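Asker: Let me give you the structure first, and then I'll get to my questions.
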Protein chains: 2
Amino acid sequence: MNSEKTTYIFQDLQLLFNKTLNTYNVGSSPAGLYDPIRYTLGLGGKRLRPVLLLMAVDAFGGNIEDALPAAMAIEIFHNSTLIHDDIMDQAQLRRNQPSVYKKWNTNIAILSGDLMIIKSYEALNNLKTTKFQEVLTVFNKVAAQVCEGQQYDLDFETNDHIELPDYLNMIRLKTSVLLAGALQIGAILGGAEPDDAKKLYKFGENLGMAFQLQDDLLDAFGNEQTFGKKIGGDIVANKKTFLLLKALDLAQGAYKDELTSLMNNKNIDEDEKITKVLQIYRELDVKSLTEKQMIKYFDKAFSNLKEITIEESRLDALYQVSKNLIERKS
Amino acid sequence: MNSEKTTYIFQDLQLLFNKTLNTYNVGSSPAGLYDPIRYTLGLGGKRLRPVLLLMAVDAFGGNIEDALPAAMAIEIFHNSTLIHDDIMDQAQLRRNQPSVYKKWNTNIAILSGDLMIIKSYEALNNLKTTKFQEVLTVFNKVAAQVCEGQQYDLDFETNDHIELPDYLNMIRLKTSVLLAGALQIGAILGGAEPDDAKKLYKFGENLGMAFQLQDDLLDAFGNEQTFGKKIGGDIVANKKTFLLLKALDLAQGAYKDELTSLMNNKNIDEDEKITKVLQIYRELDVKSLTEKQMIKYFDKAFSNLKEITIEESRLDALYQVSKNLIERKS
């Protein structure tokens, strides 16, 4: 088999996936239920999870077209969590458009999110494979973990004793495992040996951790032009990111008092708060410490790939997407 | 095969199902997510859907134990909809206990309901059958329809032009199809011919319609002692039940004006409103018209059973449960 010919790059798979998504007919009546689903799926995004799934299929020499139902399932499920997360986080915007609960209402957001979960399983059920229940096992496991991660995230809002390992476990559940599960499912469908499929899962888990730490970094130190939104949102919201928890960990004496008082000050000007917190982050070297942690996860991800027992060139696309993620600005 | 020996009655299957449910380990951490699930599943209930599923398995000579994962899946899914419905309907109580969103909060109710949907698929995936994807197709279809039914129900609250056929379609989706799907899945797992499985689905659909009309009747004309809750809740809430829609349909002149004014009067004493609306219902013969419609559905359900091509005695338990439902007082 010619591996160059069969190694699809990100954009090709993104295009293929979006073409499939565009012809997806989710349903129409009652409109109050189906319009929000169409709206959410139409908001765009990188389609990272389904593309990674298809890349995994291809790496192991499987048929990409046959795996599209699984890619759809992962993307539909991911979007269902966005609709519900936006209610819980009271997020007004999603990809710069009104979130479903703002555009419609909370009840519609609850119900259309529910239906999307069911629709993700409906999409998955279009797979024709003897490994269906094996795939479903992975899907169910990571879907449940995403809920657990969101619950930890909600718990953290009212808990002032979060430690870094708690945070890392939360983002592993909330962000990483779905990436990881997408890759494992792709590997299974591609015909990978179970051990290789598990290694690809680990790769996705570590890649997801790096990805989330990078989100934390971009929110604090990104460039507003390339980042596409205002810098410092996490700081204003006192969100317990890796940066803040690391800073709270390291801060002593005056720094600690200032950071705590900035967090507790409800009347402070937002820009002033951002500037002052970033100043403390700089003094404590939090940026480079976070980068170091992020690079550690990228390195782990690369080692996971190296352990996979197929011809290395077949993993080129997965290497490349990881490298591009390291350098992303948004 | 001795059909009497293998024809389980409702209580036996309820006991078996509850035993399985009691040993079900849904998970534990984070507690904020798993406690509400355990709480909800522990609130009790008739377990009508899983028991009907198991009865269908037995009717066609299948192995009941092997089908327990499907029974669990149906019950877990049903309970997930109760958690989310209670948020949407702002229902403070569920089976005389605080609803999840009241006992915890809305975010926890959203997220634990989501996780329960996923857990229903996880339970289903414990089935060991070559017909797994066929079962999943039915499960997905009816689960999606339950969401559609709930959306129509929400839509009806703010729409004053609901006709009886709209109402019947709404309760078909919201209530009947899950009963019907449970029976169809049981039939499939029991080894029924596809046509018989579909007839059992129709039986469940008609039984569910009768069941819901009976709910409407009990809420207005039940006996508070045997019904277990206050009579007239639907009337106080202006809920568009079969009774109210039928009354609005039939009312002319003075009756129509009085009914409309009772519905629009926000300051009226609840008991006075109930008494006066019931008086109109009696004048318009709404009770017996609803009973007639209910009996029509029961009769249809019995004809569906009669069309099934297996030995009639194997369907005894399903006949019996239908007869008991006709006579229920709560």
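We label chains A, B, ... in the order they appear in the structure tokens, count residues from 1 in each chain, and number ligands from 1 in the order shown.
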Just need chain A moved onto chain B: least-squares over all Cα atoms matched in order, then output as a JSON list (two decimals) with C-alpha atoms, in the first residue's frame.

Answerer:
```json
[["chain", "number", "residue", "atom", "x", "y", "z"],
["A", 1, "MET", "CA", -42.52, -25.65, 26.10],
["A", 2, "ASN", "CA", -44.85, -25.19, 29.04],
["A", 3, "SER", "CA", -46.30, -21.74, 28.55],
["A", 4, "GLU", "CA", -47.80, -21.47, 32.03],
["A", 5, "LYS", "CA", -44.45, -22.12, 33.61],
["A", 6, "THR", "CA", -42.74, -19.52, 31.49],
["A", 7, "THR", "CA", -45.42, -16.86, 31.64],
["A", 8, "TYR", "CA", -44.23, -14.51, 34.34],
["A", 9, "ILE", "CA", -46.67, -12.19, 35.96],
["A", 10, "PHE", "CA", -46.11, -8.51, 36.56],
["A", 11, "GLN", "CA", -45.02, -8.75, 40.19],
["A", 12, "ASP", "CA", -42.43, -11.45, 39.51],
["A", 13, "LEU", "CA", -40.82, -9.41, 36.77],
["A", 14, "GLN", "CA", -41.03, -6.22, 38.81],
["A", 15, "LEU", "CA", -39.24, -8.01, 41.64],
["A", 16, "LEU", "CA", -36.59, -9.39, 39.30],
["A", 17, "PHE", "CA", -36.07, -5.98, 37.73],
["A", 18, "ASN", "CA", -35.86, -4.17, 41.07],
["A", 19, "LYS", "CA", -33.32, -6.73, 42.28],
["A", 20, "THR", "CA", -31.18, -5.95, 39.24],
["A", 21, "LEU", "CA", -31.65, -2.22, 39.73],
["A", 22, "ASN", "CA", -30.66, -2.47, 43.38],
["A", 23, "THR", "CA", -27.33, -4.06, 42.53],
["A", 24, "TYR", "CA", -26.66, -1.54, 39.75],
["A", 25, "ASN", "CA", -23.51, 0.43, 40.46],
["A", 26, "VAL", "CA", -23.84, 3.64, 38.49],
["A", 27, "GLY", "CA", -20.65, 5.29, 39.79],
["A", 28, "SER", "CA", -19.68, 7.52, 42.68],
["A", 29, "SER", "CA", -17.32, 10.37, 41.87],
["A", 30, "PRO", "CA", -18.00, 13.27, 41.56],
["A", 31, "ALA", "CA", -20.77, 12.77, 44.10],
["A", 32, "GLY", "CA", -22.57, 15.89, 42.85],
["A", 33, "LEU", "CA", -23.21, 14.01, 39.65],
["A", 34, "TYR", "CA", -23.83, 10.45, 40.79],
["A", 35, "ASP", "CA", -25.87, 11.06, 43.95],
["A", 36, "PRO", "CA", -28.82, 12.57, 42.01],
["A", 37, "ILE", "CA", -28.85, 9.54, 39.69],
["A", 38, "ARG", "CA", -28.92, 7.10, 42.60],
["A", 39, "TYR", "CA", -31.60, 9.23, 44.27],
["A", 40, "THR", "CA", -33.78, 9.29, 41.15],
["A", 41, "LEU", "CA", -33.52, 5.57, 40.47],
["A", 42, "GLY", "CA", -34.30, 4.94, 44.13],
["A", 43, "LEU", "CA", -37.55, 6.90, 44.13],
["A", 44, "GLY", "CA", -39.43, 3.81, 43.01],
["A", 45, "GLY", "CA", -42.32, 3.68, 40.62],
["A", 46, "LYS", "CA", -44.17, 0.86, 38.90],
["A", 47, "ARG", "CA", -41.25, 0.04, 36.57],
["A", 48, "LEU", "CA", -43.92, -0.43, 33.90],
["A", 49, "ARG", "CA", -41.62, -0.01, 30.90],
["A", 50, "PRO", "CA", -38.91, -2.52, 31.86],
["A", 51, "VAL", "CA", -41.53, -5.02, 33.05],
["A", 52, "LEU", "CA", -43.39, -4.77, 29.74],
["A", 53, "LEU", "CA", -40.09, -5.31, 27.94],
["A", 54, "LEU", "CA", -39.39, -8.45, 29.93],
["A", 55, "MET", "CA", -42.96, -9.68, 29.39],
["A", 56, "ALA", "CA", -42.45, -9.33, 25.66],
["A", 57, "VAL", "CA", -39.21, -11.31, 25.82],
["A", 58, "ASP", "CA", -41.00, -14.04, 27.71],
["A", 59, "ALA", "CA", -44.03, -14.08, 25.40],
["A", 60, "PHE", "CA", -41.78, -15.00, 22.49],
["A", 61, "GLY", "CA", -39.85, -17.57, 24.50],
["A", 62, "GLY", "CA", -36.67, -15.56, 24.98],
["A", 63, "ASN", "CA", -34.36, -15.54, 27.98],
["A", 64, "ILE", "CA", -35.44, -12.90, 30.46],
["A", 65, "GLU", "CA", -32.11, -12.66, 32.26],
["A", 66, "ASP", "CA", -30.31, -11.95, 28.98],
["A", 67, "ALA", "CA", -32.70, -9.07, 28.30],
["A", 68, "LEU", "CA", -32.20, -7.31, 31.65],
["A", 69, "PRO", "CA", -29.66, -4.83, 30.21],
["A", 70, "ALA", "CA", -32.32, -3.57, 27.80],
["A", 71, "ALA", "CA", -34.86, -3.27, 30.61],
["A", 72, "MET", "CA", -32.32, -1.28, 32.63],
["A", 73, "ALA", "CA", -31.59, 0.96, 29.65],
["A", 74, "ILE", "CA", -35.27, 1.79, 29.17],
["A", 75, "GLU", "CA", -35.80, 2.58, 32.86],
["A", 76, "ILE", "CA", -32.62, 4.68, 33.16],
["A", 77, "PHE", "CA", -33.55, 6.64, 30.04],
["A", 78, "HIS", "CA", -37.10, 7.16, 31.30],
["A", 79, "ASN", "CA", -35.75, 8.53, 34.58],
["A", 80, "SER", "CA", -33.36, 10.87, 32.79],
["A", 81, "THR", "CA", -36.36, 12.48, 31.11],
["A", 82, "LEU", "CA", -38.07, 12.91, 34.49],
["A", 83, "ILE", "CA", -35.08, 14.84, 35.87],
["A", 84, "HIS", "CA", -35.03, 17.21, 32.89],
["A", 85, "ASP", "CA", -38.82, 17.50, 32.62],
["A", 86, "ASP", "CA", -38.95, 18.60, 36.26],
["A", 87, "ILE", "CA", -36.59, 21.50, 35.47],
["A", 88, "MET", "CA", -38.65, 22.54, 32.46],
["A", 89, "ASP", "CA", -42.01, 22.17, 34.22],
["A", 90, "GLN", "CA", -40.63, 23.65, 37.46],
["A", 91, "ALA", "CA", -42.03, 20.63, 39.27],
["A", 92, "GLN", "CA", -41.02, 20.75, 42.93],
["A", 93, "LEU", "CA", -41.94, 17.16, 43.65],
["A", 94, "ARG", "CA", -41.35, 13.82, 41.99],
["A", 95, "ARG", "CA", -43.03, 10.81, 43.58],
["A", 96, "ASN", "CA", -43.70, 12.96, 46.65],
["A", 97, "GLN", "CA", -39.99, 13.74, 47.12],
["A", 98, "PRO", "CA", -38.13, 16.90, 46.09],
["A", 99, "SER", "CA", -37.23, 16.85, 42.41],
["A", 100, "VAL", "CA", -33.51, 16.80, 41.60],
["A", 101, "TYR", "CA", -33.34, 20.45, 40.54],
["A", 102, "LYS", "CA", -35.03, 21.46, 43.83],
["A", 103, "LYS", "CA", -32.94, 19.16, 46.06],
["A", 104, "TRP", "CA", -29.68, 20.10, 44.34],
["A", 105, "ASN", "CA", -29.79, 22.77, 41.61],
["A", 106, "THR", "CA", -30.54, 23.24, 37.94],
["A", 107, "ASN", "CA", -26.97, 22.71, 36.72],
["A", 108, "ILE", "CA", -26.69, 19.44, 38.60],
["A", 109, "ALA", "CA", -30.08, 18.36, 37.28],
["A", 110, "ILE", "CA", -29.02, 19.13, 33.70],
["A", 111, "LEU", "CA", -25.72, 17.31, 34.01],
["A", 112, "SER", "CA", -26.94, 14.27, 35.94],
["A", 113, "GLY", "CA", -29.78, 13.89, 33.44],
["A", 114, "ASP", "CA", -27.25, 14.01, 30.60],
["A", 115, "LEU", "CA", -25.12, 11.40, 32.26],
["A", 116, "MET", "CA", -28.20, 9.21, 32.75],
["A", 117, "ILE", "CA", -28.90, 9.29, 29.02],
["A", 118, "ILE", "CA", -25.35, 8.09, 28.41],
["A", 119, "LYS", "CA", -25.70, 5.50, 31.19],
["A", 120, "SER", "CA", -28.82, 4.13, 29.50],
["A", 121, "TYR", "CA", -26.74, 3.37, 26.41],
["A", 122, "GLU", "CA", -24.02, 1.92, 28.61],
["A", 123, "ALA", "CA", -26.59, -0.42, 30.16],
["A", 124, "LEU", "CA", -27.91, -1.36, 26.73],
["A", 125, "ASN", "CA", -24.40, -2.20, 25.60],
["A", 126, "ASN", "CA", -24.33, -5.05, 28.13],
["A", 127, "LEU", "CA", -26.65, -6.96, 25.80],
["A", 128, "LYS", "CA", -25.04, -9.91, 24.11],
["A", 129, "THR", "CA", -27.03, -10.36, 20.95],
["A", 130, "THR", "CA", -26.51, -10.37, 17.22],
["A", 131, "LYS", "CA", -29.53, -8.05, 17.02],
["A", 132, "PHE", "CA", -27.83, -5.28, 18.96],
["A", 133, "GLN", "CA", -27.95, -2.62, 16.26],
["A", 134, "GLU", "CA", -31.56, -3.49, 15.47],
["A", 135, "VAL", "CA", -32.43, -2.94, 19.14],
["A", 136, "LEU", "CA", -30.43, 0.30, 19.20],
["A", 137, "THR", "CA", -32.36, 1.58, 16.17],
["A", 138, "VAL", "CA", -35.65, 1.21, 18.05],
["A", 139, "PHE", "CA", -34.17, 2.69, 21.22],
["A", 140, "ASN", "CA", -32.81, 5.75, 19.42],
["A", 141, "LYS", "CA", -36.04, 6.33, 17.53],
["A", 142, "VAL", "CA", -38.33, 6.30, 20.54],
["A", 143, "ALA", "CA", -35.86, 8.24, 22.72],
["A", 144, "ALA", "CA", -35.80, 11.02, 20.12],
["A", 145, "GLN", "CA", -39.59, 10.99, 19.92],
["A", 146, "VAL", "CA", -39.87, 11.41, 23.69],
["A", 147, "CYS", "CA", -37.90, 14.67, 23.31],
["A", 148, "GLU", "CA", -40.17, 15.74, 20.47],
["A", 149, "GLY", "CA", -43.24, 15.04, 22.62],
["A", 150, "GLN", "CA", -41.85, 17.11, 25.49],
["A", 151, "GLN", "CA", -41.13, 19.98, 23.10],
["A", 152, "TYR", "CA", -44.72, 19.89, 21.76],
["A", 153, "ASP", "CA", -45.94, 19.86, 25.36],
["A", 154, "LEU", "CA", -43.84, 22.98, 26.11],
["A", 155, "ASP", "CA", -45.07, 24.62, 22.88],
["A", 156, "PHE", "CA", -48.69, 23.96, 23.88],
["A", 157, "GLU", "CA", -48.31, 26.03, 27.06],
["A", 158, "THR", "CA", -48.15, 29.22, 25.04],
["A", 159, "ASN", "CA", -50.41, 28.21, 22.17],
["A", 160, "ASP", "CA", -54.17, 28.67, 22.54],
["A", 161, "HIS", "CA", -55.05, 26.91, 19.31],
["A", 162, "ILE", "CA", -54.29, 23.33, 20.18],
["A", 163, "GLU", "CA", -56.67, 20.82, 18.64],
["A", 164, "LEU", "CA", -57.40, 17.34, 19.97],
["A", 165, "PRO", "CA", -55.35, 15.60, 17.26],
["A", 166, "ASP", "CA", -52.34, 17.76, 18.22],
["A", 167, "TYR", "CA", -52.80, 16.68, 21.80],
["A", 168, "LEU", "CA", -53.10, 13.01, 20.89],
["A", 169, "ASN", "CA", -49.96, 13.23, 18.79],
["A", 170, "MET", "CA", -48.11, 14.92, 21.65],
["A", 171, "ILE", "CA", -48.99, 12.23, 24.22],
["A", 172, "ARG", "CA", -48.21, 9.53, 21.67],
["A", 173, "LEU", "CA", -44.67, 10.91, 21.43],
["A", 174, "LYS", "CA", -44.20, 11.91, 25.05],
["A", 175, "THR", "CA", -45.69, 8.81, 26.67],
["A", 176, "SER", "CA", -46.68, 6.02, 24.31],
["A", 177, "VAL", "CA", -43.68, 5.43, 22.10],
["A", 178, "LEU", "CA", -41.34, 4.56, 24.97],
["A", 179, "LEU", "CA", -43.77, 1.90, 26.20],
["A", 180, "ALA", "CA", -44.13, 0.74, 22.61],
["A", 181, "GLY", "CA", -40.39, 0.70, 22.01],
["A", 182, "ALA", "CA", -39.80, -1.26, 25.22],
["A", 183, "LEU", "CA", -42.23, -3.90, 23.99],
["A", 184, "GLN", "CA", -40.75, -4.00, 20.50],
["A", 185, "ILE", "CA", -37.24, -4.38, 21.89],
["A", 186, "GLY", "CA", -38.46, -7.17, 24.16],
["A", 187, "ALA", "CA", -40.06, -8.88, 21.18],
["A", 188, "ILE", "CA", -36.89, -8.57, 19.09],
["A", 189, "LEU", "CA", -34.77, -9.98, 21.92],
["A", 190, "GLY", "CA", -37.33, -12.73, 22.46],
["A", 191, "GLY", "CA", -36.93, -13.83, 18.87],
["A", 192, "ALA", "CA", -40.24, -12.54, 17.46],
["A", 193, "GLU", "CA", -40.85, -12.29, 13.73],
["A", 194, "PRO", "CA", -40.47, -8.63, 12.63],
["A", 195, "ASP", "CA", -44.22, -8.35, 11.96],
["A", 196, "ASP", "CA", -45.08, -9.58, 15.41],
["A", 197, "ALA", "CA", -42.58, -7.19, 16.98],
["A", 198, "LYS", "CA", -44.24, -4.32, 15.11],
["A", 199, "LYS", "CA", -47.68, -5.42, 16.28],
["A", 200, "LEU", "CA", -46.44, -5.44, 19.84],
["A", 201, "TYR", "CA", -45.15, -1.92, 19.24],
["A", 202, "LYS", "CA", -48.64, -0.87, 18.10],
["A", 203, "PHE", "CA", -50.10, -2.58, 21.16],
["A", 204, "GLY", "CA", -47.79, -0.51, 23.37],
["A", 205, "GLU", "CA", -48.60, 2.67, 21.51],
["A", 206, "ASN", "CA", -52.33, 2.21, 22.01],
["A", 207, "LEU", "CA", -51.88, 1.07, 25.60],
["A", 208, "GLY", "CA", -49.81, 4.19, 26.27],
["A", 209, "MET", "CA", -52.50, 6.44, 24.79],
["A", 210, "ALA", "CA", -55.13, 4.81, 27.02],
["A", 211, "PHE", "CA", -52.76, 5.11, 29.98],
["A", 212, "GLN", "CA", -52.27, 8.85, 29.46],
["A", 213, "LEU", "CA", -55.98, 9.57, 28.97],
["A", 214, "GLN", "CA", -56.56, 7.71, 32.21],
["A", 215, "ASP", "CA", -53.99, 9.97, 33.88],
["A", 216, "ASP", "CA", -55.97, 12.96, 32.65],
["A", 217, "LEU", "CA", -59.18, 11.43, 34.03],
["A", 218, "LEU", "CA", -57.66, 10.49, 37.39],
["A", 219, "ASP", "CA", -56.28, 13.99, 37.86],
["A", 220, "ALA", "CA", -59.80, 15.41, 37.49],
["A", 221, "PHE", "CA", -62.11, 12.67, 38.73],
["A", 222, "GLY", "CA", -59.89, 10.36, 40.80],
["A", 223, "ASN", "CA", -60.28, 9.64, 44.46],
["A", 224, "GLU", "CA", -57.69, 11.56, 46.48],
["A", 225, "GLN", "CA", -57.20, 8.61, 48.86],
["A", 226, "THR", "CA", -56.45, 6.04, 46.16],
["A", 227, "PHE", "CA", -54.91, 8.54, 43.68],
["A", 228, "GLY", "CA", -52.34, 9.53, 46.30],
["A", 229, "LYS", "CA", -52.25, 13.21, 45.43],
["A", 230, "LYS", "CA", -54.52, 16.22, 45.26],
["A", 231, "ILE", "CA", -57.18, 16.17, 42.56],
["A", 232, "GLY", "CA", -57.33, 19.02, 40.06],
["A", 233, "GLY", "CA", -53.66, 19.87, 39.57],
["A", 234, "ASP", "CA", -54.10, 19.97, 35.79],
["A", 235, "ILE", "CA", -57.13, 22.26, 36.12],
["A", 236, "VAL", "CA", -55.29, 24.72, 38.38],
["A", 237, "ALA", "CA", -52.35, 24.80, 35.94],
["A", 238, "ASN", "CA", -54.63, 25.23, 32.89],
["A", 239, "LYS", "CA", -52.91, 22.16, 31.50],
["A", 240, "LYS", "CA", -54.22, 21.37, 28.05],
["A", 241, "THR", "CA", -55.38, 17.84, 28.76],
["A", 242, "PHE", "CA", -57.80, 15.82, 26.65],
["A", 243, "LEU", "CA", -60.54, 16.87, 29.09],
["A", 244, "LEU", "CA", -59.93, 20.60, 28.73],
["A", 245, "LEU", "CA", -59.48, 20.50, 24.96],
["A", 246, "LYS", "CA", -62.64, 18.42, 24.58],
["A", 247, "ALA", "CA", -64.52, 20.86, 26.81],
["A", 248, "LEU", "CA", -63.23, 23.86, 24.84],
["A", 249, "ASP", "CA", -64.27, 22.03, 21.68],
["A", 250, "LEU", "CA", -67.82, 21.39, 22.89],
["A", 251, "ALA", "CA", -68.50, 24.50, 24.93],
["A", 252, "GLN", "CA", -70.81, 27.09, 23.41],
["A", 253, "GLY", "CA", -72.00, 30.48, 24.58],
["A", 254, "ALA", "CA", -72.14, 30.80, 28.36],
["A", 255, "TYR", "CA", -70.07, 27.65, 29.04],
["A", 256, "LYS", "CA", -67.33, 28.82, 26.73],
["A", 257, "ASP", "CA", -67.19, 32.25, 28.35],
["A", 258, "GLU", "CA", -67.15, 30.79, 31.85],
["A", 259, "LEU", "CA", -64.42, 28.28, 31.04],
["A", 260, "THR", "CA", -62.27, 30.95, 29.40],
["A", 261, "SER", "CA", -62.78, 33.36, 32.25],
["A", 262, "LEU", "CA", -61.90, 30.64, 34.82],
["A", 263, "MET", "CA", -58.70, 29.93, 32.90],
["A", 264, "ASN", "CA", -57.73, 33.58, 32.69],
["A", 265, "ASN", "CA", -58.58, 34.43, 36.30],
["A", 266, "LYS", "CA", -55.28, 34.50, 38.16],
["A", 267, "ASN", "CA", -56.83, 35.50, 41.49],
["A", 268, "ILE", "CA", -59.43, 32.78, 41.82],
["A", 269, "ASP", "CA", -59.27, 30.36, 44.76],
["A", 270, "GLU", "CA", -57.84, 27.03, 43.55],
["A", 271, "ASP", "CA", -60.60, 24.88, 45.04],
["A", 272, "GLU", "CA", -63.28, 27.14, 43.62],
["A", 273, "LYS", "CA", -61.68, 26.92, 40.18],
["A", 274, "ILE", "CA", -61.49, 23.13, 40.37],
["A", 275, "THR", "CA", -65.14, 22.83, 41.47],
["A", 276, "LYS", "CA", -66.39, 25.15, 38.74],
["A", 277, "VAL", "CA", -64.35, 23.58, 35.94],
["A", 278, "LEU", "CA", -65.41, 20.08, 37.01],
["A", 279, "GLN", "CA", -69.03, 21.30, 36.96],
["A", 280, "ILE", "CA", -68.60, 22.39, 33.32],
["A", 281, "TYR", "CA", -66.89, 19.07, 32.49],
["A", 282, "ARG", "CA", -69.93, 17.28, 33.93],
["A", 283, "GLU", "CA", -72.43, 19.43, 32.06],
["A", 284, "LEU", "CA", -70.57, 18.76, 28.81],
["A", 285, "ASP", "CA", -70.24, 15.05, 29.52],
["A", 286, "VAL", "CA", -66.47, 15.34, 29.10],
["A", 287, "LYS", "CA", -65.75, 12.53, 31.53],
["A", 288, "SER", "CA", -67.62, 9.86, 29.61],
["A", 289, "LEU", "CA", -66.36, 11.17, 26.27],
["A", 290, "THR", "CA", -62.80, 10.82, 27.51],
["A", 291, "GLU", "CA", -63.54, 7.38, 28.90],
["A", 292, "LYS", "CA", -64.95, 6.42, 25.52],
["A", 293, "GLN", "CA", -61.74, 7.55, 23.82],
["A", 294, "MET", "CA", -59.68, 5.69, 26.40],
["A", 295, "ILE", "CA", -61.66, 2.47, 25.92],
["A", 296, "LYS", "CA", -61.18, 2.86, 22.18],
["A", 297, "TYR", "CA", -57.42, 2.80, 22.69],
["A", 298, "PHE", "CA", -57.62, -0.17, 25.05],
["A", 299, "ASP", "CA", -59.71, -2.02, 22.45],
["A", 300, "LYS", "CA", -57.20, -1.19, 19.73],
["A", 301, "ALA", "CA", -54.43, -2.47, 21.97],
["A", 302, "PHE", "CA", -56.28, -5.75, 22.50],
["A", 303, "SER", "CA", -56.82, -6.17, 18.74],
["A", 304, "ASN", "CA", -53.09, -5.61, 18.18],
["A", 305, "LEU", "CA", -52.38, -8.44, 20.61],
["A", 306, "LYS", "CA", -54.91, -10.69, 18.86],
["A", 307, "GLU", "CA", -53.13, -10.26, 15.53],
["A", 308, "ILE", "CA", -49.86, -11.61, 16.90],
["A", 309, "THR", "CA", -49.13, -15.02, 15.43],
["A", 310, "ILE", "CA", -48.00, -16.92, 18.54],
["A", 311, "GLU", "CA", -50.06, -19.14, 20.83],
["A", 312, "GLU", "CA", -52.54, -16.85, 22.58],
["A", 313, "SER", "CA", -51.80, -18.13, 26.07],
["A", 314, "ARG", "CA", -48.26, -16.77, 25.80],
["A", 315, "LEU", "CA", -49.76, -13.29, 25.71],
["A", 316, "ASP", "CA", -51.79, -13.81, 28.90],
["A", 317, "ALA", "CA", -49.50, -11.66, 31.03],
["A", 318, "LEU", "CA", -49.73, -8.76, 28.57],
["A", 319, "TYR", "CA", -53.53, -9.07, 28.47],
["A", 320, "GLN", "CA", -53.59, -9.11, 32.24],
["A", 321, "VAL", "CA", -51.41, -6.05, 32.68],
["A", 322, "SER", "CA", -53.63, -4.14, 30.24],
["A", 323, "LYS", "CA", -56.75, -5.16, 32.13],
["A", 324, "ASN", "CA", -55.19, -4.07, 35.40],
["A", 325, "LEU", "CA", -54.26, -0.73, 33.89],
["A", 326, "ILE", "CA", -57.89, -0.13, 32.84],
["A", 327, "GLU", "CA", -58.95, -0.54, 36.44],
["A", 328, "ARG", "CA", -56.12, 1.38, 38.08],
["A", 329, "LYS", "CA", -56.94, 4.06, 40.61],
["A", 330, "SER", "CA", -53.52, 5.66, 40.79]]
```

Asker: List every residue of region 145-195 of chain B that DSSP, applied to the backbone of this structure, assigns to helix (DSSP H, G or I), and report them as a ChimeraX atom specification.

Answerer: /B:145-157,164-190,194-195
